[in-house]
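Here is the structure we will look at, set down as structure tokens.
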Amino acid sequence: MKRLLLVVLIVLSMQLMARQLVLFYLDDTLEPVSVRQNVDDADLVKTIFDRLASPPEGLKSFVPKDVLRAYFFVESYLVIDLKRSPISMFDFTQERFFVHQVLRTIFENFSGIDAVYFLLDGSRRDVLTKMVDVRFGFARHFWSRWPVEGEK
């Protein structure tokens with residue numbers, strides 16, 4: 001009986017320490033699909049990028065492996081520094097859905113973040129790779145929905 005109680009307590013404590021992430025992947029028609037996954041990793045931003053780069057079977061992702069260089073929080077903002085080489089060959093569709101996936105997932109999982117800014121190889125750029133303007137960052141009130149609909 002004591003052994004059973006100990007096992008129950010260990011399992012319960014593991015469940016309490018685990019956090020559930022909501023990750024956004026794409027189906028065959030490029031519509032968003034949210035997937036809930038339990039994680040026990042304290043580095044949630046890195047975990048998000050790692051998980052997005054490995055979509056579940058039947059789903060797609062435009063987040064390549066090993067694209068995250070660094071990240072840091074500044075007040076209510078998240079600055080994500082990306083490695084340029086994994087995304088340098090993106091076309092418009094890939095670039096657009098990469099941004100959608102990352103932003104929608106970040107805003108879903110971090111309620112205290114008001115905006116996300118992207119750097120490439122440690123530097124500010126005008127565009128992410130070729131087309132998506134990253135000069136001004138991405139505000140939660142636009143990017144917490146999919147697709148981005150703008151103000152109504």
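Naming scheme: A, B, ... for chains in displayed order of the structure tokens; residues 1 onward per chain; ligands 1 onward as shown.
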Q: Determine which residues of chain A receive a DSSP assignment of alpha helix (DSSP H), computed from the backbone, and state them as a ChimeraX atom specification.
A: /A:2-17,44-52,92-109,140-143
Using C-alpha atoms, can you write the selected residues to a file as a compact mmCIF listing (two decimals), in the first residue's frame?
# COMPACT_ATOMS: atom_id res chain seq x y z
CA LYS A 2 2.84 2.40 0.86
CA ARG A 3 4.53 1.60 -2.42
CA LEU A 4 1.34 2.35 -4.37
CA LEU A 5 0.91 5.63 -2.53
CA LEU A 6 4.52 6.57 -3.31
CA VAL A 7 4.03 5.81 -7.01
CA VAL A 8 0.81 7.87 -7.08
CA LEU A 9 2.58 10.80 -5.42
CA ILE A 10 5.47 10.64 -7.90
CA VAL A 11 3.15 10.52 -10.90
CA LEU A 12 1.04 13.34 -9.50
CA SER A 13 4.08 15.55 -8.87
CA MET A 14 5.33 14.89 -12.42
CA GLN A 15 1.93 15.92 -13.80
CA LEU A 16 1.93 19.09 -11.73
CA MET A 17 5.42 20.04 -12.91
CA LEU A 44 9.95 26.72 -23.30
CA VAL A 45 11.00 28.89 -26.26
CA LYS A 46 13.64 26.38 -27.35
CA THR A 47 11.17 23.55 -26.78
CA ILE A 48 8.61 25.31 -28.97
CA PHE A 49 11.10 25.63 -31.83
CA ASP A 50 12.25 22.02 -31.42
CA ARG A 51 8.68 20.71 -31.40
CA LEU A 52 7.57 22.87 -34.33
CA PHE A 92 7.05 33.67 -49.93
CA THR A 93 4.72 30.85 -48.81
CA GLN A 94 7.36 29.22 -46.61
CA GLU A 95 8.41 32.54 -45.09
CA ARG A 96 4.80 33.56 -44.42
CA PHE A 97 3.80 30.28 -42.78
CA PHE A 98 7.02 30.16 -40.75
CA VAL A 99 6.08 33.54 -39.25
CA HIS A 100 2.45 32.46 -38.71
CA GLN A 101 3.44 29.24 -36.95
CA VAL A 102 6.01 30.83 -34.67
CA LEU A 103 3.94 33.87 -33.70
CA ARG A 104 0.67 32.02 -33.17
CA THR A 105 2.42 29.43 -31.00
CA ILE A 106 4.35 32.02 -28.97
CA PHE A 107 1.30 34.19 -28.31
CA GLU A 108 -0.80 31.16 -27.37
CA ASN A 109 1.73 29.99 -24.78
CA ARG A 140 -0.11 40.33 -30.16
CA HIS A 141 -3.39 42.01 -31.05
CA PHE A 142 -2.82 41.23 -34.76
CA TRP A 143 -0.94 37.95 -34.58
(Q) Please extract the residues of chain A with a backbone DSSP assignment of strand (DSSP E or B) and present them as an NGL selection string. (A) :A and (19-26 or 32-39 or 60 or 68-74 or 77-82 or 115-120 or 123 or 127 or 133 or 138-139)
Keeping N, CA and C atoms, export the residues of the selection given above as a CSV table (one decimal), in the first residue's frame.
chain,number,residue,atom,x,y,z
A,19,ARG,N,4.1,21.1,-18.1
A,19,ARG,CA,3.4,22.2,-18.7
A,19,ARG,C,2.8,21.7,-20.0
A,20,GLN,N,1.6,22.2,-20.4
A,20,GLN,CA,1.1,21.8,-21.6
A,20,GLN,C,1.3,23.0,-22.6
A,21,LEU,N,1.9,22.7,-23.7
A,21,LEU,CA,2.1,23.7,-24.8
A,21,LEU,C,1.0,23.5,-25.9
A,22,VAL,N,0.6,24.5,-26.5
A,22,VAL,CA,-0.2,24.5,-27.7
A,22,VAL,C,0.6,24.9,-28.9
A,23,LEU,N,0.8,23.9,-29.8
A,23,LEU,CA,1.7,24.1,-30.9
A,23,LEU,C,0.8,24.2,-32.2
A,24,PHE,N,1.2,25.0,-33.1
A,24,PHE,CA,0.4,25.2,-34.4
A,24,PHE,C,1.2,24.6,-35.6
A,25,TYR,N,0.6,23.6,-36.2
A,25,TYR,CA,1.1,23.0,-37.4
A,25,TYR,C,0.2,23.3,-38.5
A,26,LEU,N,0.4,22.7,-39.7
A,26,LEU,CA,-0.4,22.9,-40.8
A,26,LEU,C,-0.9,21.5,-41.4
A,32,PRO,N,-4.3,25.9,-40.2
A,32,PRO,CA,-3.7,25.6,-38.9
A,32,PRO,C,-4.4,24.5,-38.2
A,33,VAL,N,-3.5,23.7,-37.5
A,33,VAL,CA,-4.0,22.6,-36.6
A,33,VAL,C,-3.3,22.8,-35.3
A,34,SER,N,-4.0,23.0,-34.2
A,34,SER,CA,-3.4,23.1,-32.9
A,34,SER,C,-3.2,21.7,-32.3
A,35,VAL,N,-2.1,21.5,-31.7
A,35,VAL,CA,-1.8,20.2,-31.0
A,35,VAL,C,-1.3,20.5,-29.6
A,36,ARG,N,-1.9,19.9,-28.6
A,36,ARG,CA,-1.4,20.1,-27.2
A,36,ARG,C,-0.4,19.0,-26.9
A,37,GLN,N,0.7,19.4,-26.3
A,37,GLN,CA,1.8,18.5,-25.9
A,37,GLN,C,2.3,18.9,-24.5
A,38,ASN,N,2.4,17.9,-23.7
A,38,ASN,CA,3.0,18.1,-22.3
A,38,ASN,C,4.5,18.1,-22.4
A,39,VAL,N,5.1,19.1,-21.8
A,39,VAL,CA,6.5,19.2,-21.7
A,39,VAL,C,6.9,19.5,-20.3
A,60,LYS,N,2.3,19.4,-41.3
A,60,LYS,CA,3.4,20.0,-41.8
A,60,LYS,C,3.9,21.2,-40.9
A,68,LEU,N,16.8,28.4,-34.4
A,68,LEU,CA,16.8,29.3,-33.2
A,68,LEU,C,18.3,29.5,-32.8
A,69,ARG,N,18.8,30.8,-32.9
A,69,ARG,CA,20.1,31.1,-32.5
A,69,ARG,C,20.1,31.5,-31.0
A,70,ALA,N,19.2,32.4,-30.6
A,70,ALA,CA,19.1,32.9,-29.2
A,70,ALA,C,17.7,33.6,-29.1
A,71,TYR,N,17.4,33.9,-27.9
A,71,TYR,CA,16.2,34.7,-27.6
A,71,TYR,C,16.4,35.4,-26.3
A,72,PHE,N,15.6,36.5,-26.1
A,72,PHE,CA,15.7,37.1,-24.8
A,72,PHE,C,14.4,37.9,-24.6
A,73,PHE,N,14.0,38.1,-23.4
A,73,PHE,CA,12.8,38.8,-23.0
A,73,PHE,C,13.2,40.2,-22.6
A,74,VAL,N,12.5,41.2,-23.1
A,74,VAL,CA,12.7,42.6,-22.7
A,74,VAL,C,11.4,43.2,-22.3
A,77,TYR,N,8.2,42.1,-24.2
A,77,TYR,CA,8.6,41.7,-25.6
A,77,TYR,C,9.5,40.5,-25.6
A,78,LEU,N,9.4,39.7,-26.7
A,78,LEU,CA,10.3,38.6,-26.9
A,78,LEU,C,11.1,38.9,-28.2
A,79,VAL,N,12.4,38.9,-28.1
A,79,VAL,CA,13.3,39.0,-29.2
A,79,VAL,C,13.8,37.7,-29.6
A,80,ILE,N,13.6,37.3,-30.8
A,80,ILE,CA,14.0,35.9,-31.3
A,80,ILE,C,15.1,36.2,-32.3
A,81,ASP,N,16.3,35.6,-32.1
A,81,ASP,CA,17.4,35.7,-33.0
A,81,ASP,C,17.5,34.4,-33.8
A,82,LEU,N,17.3,34.5,-35.1
A,82,LEU,CA,17.3,33.3,-35.9
A,82,LEU,C,18.6,33.1,-36.7
A,115,ALA,N,4.6,41.7,-27.9
A,115,ALA,CA,5.1,41.7,-29.3
A,115,ALA,C,6.3,40.8,-29.4
A,116,VAL,N,6.6,40.4,-30.6
A,116,VAL,CA,7.8,39.6,-30.9
A,116,VAL,C,8.6,40.3,-32.0
A,117,TYR,N,9.9,40.3,-31.8
A,117,TYR,CA,10.8,40.9,-32.8
A,117,TYR,C,11.7,39.8,-33.3
A,118,PHE,N,12.1,39.9,-34.5
A,118,PHE,CA,13.1,38.9,-35.1
A,118,PHE,C,14.4,39.6,-35.4
A,119,LEU,N,15.5,38.9,-35.1
A,119,LEU,CA,16.8,39.3,-35.6
A,119,LEU,C,17.3,38.1,-36.4
A,120,LEU,N,18.2,38.4,-37.3
A,120,LEU,CA,18.9,37.4,-38.1
A,120,LEU,C,20.4,37.5,-37.8
A,123,SER,N,21.5,40.5,-35.9
A,123,SER,CA,21.3,41.8,-36.4
A,123,SER,C,19.9,42.1,-36.8
A,127,VAL,N,13.8,42.7,-43.8
A,127,VAL,CA,12.9,41.6,-44.2
A,127,VAL,C,13.5,40.3,-43.6
A,133,ASP,N,8.3,41.8,-43.9
A,133,ASP,CA,8.9,42.9,-43.2
A,133,ASP,C,9.0,42.7,-41.7
A,138,PHE,N,6.0,42.3,-34.3
A,138,PHE,CA,4.7,41.7,-34.5
A,138,PHE,C,3.9,41.8,-33.2
A,139,ALA,N,2.8,42.6,-33.3
A,139,ALA,CA,2.0,42.8,-32.1
A,139,ALA,C,1.0,41.7,-31.8
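Interatomic distance, atom CA of A:Leu128 against atom CA of A:Glu75: 23.1 Å.
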(Q) Residues near A:Ser85, anyone? I mean within 10 Å using only C-alpha atoms, not counting same-chain ones fewer than 5 positions away, as a PyMOL selection string. (A) chain A and resi 66-67+120-121+129
Those same residues, written as a PDB file, in the first residue's frame with C-alpha atoms?
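Result went into result16.pdb, see below:
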ATOM      1  CA  ASP A  66      18.234  24.350 -35.618  1.00  0.00           C
ATOM      2  CA  VAL A  67      16.913  27.768 -36.707  1.00  0.00           C
ATOM      3  CA  LEU A 120      18.894  37.380 -38.092  1.00  0.00           C
ATOM      4  CA  ASP A 121      22.355  36.287 -37.015  1.00  0.00           C
ATOM      5  CA  THR A 129      14.486  36.455 -45.829  1.00  0.00           C
TER       6      THR A 129
END
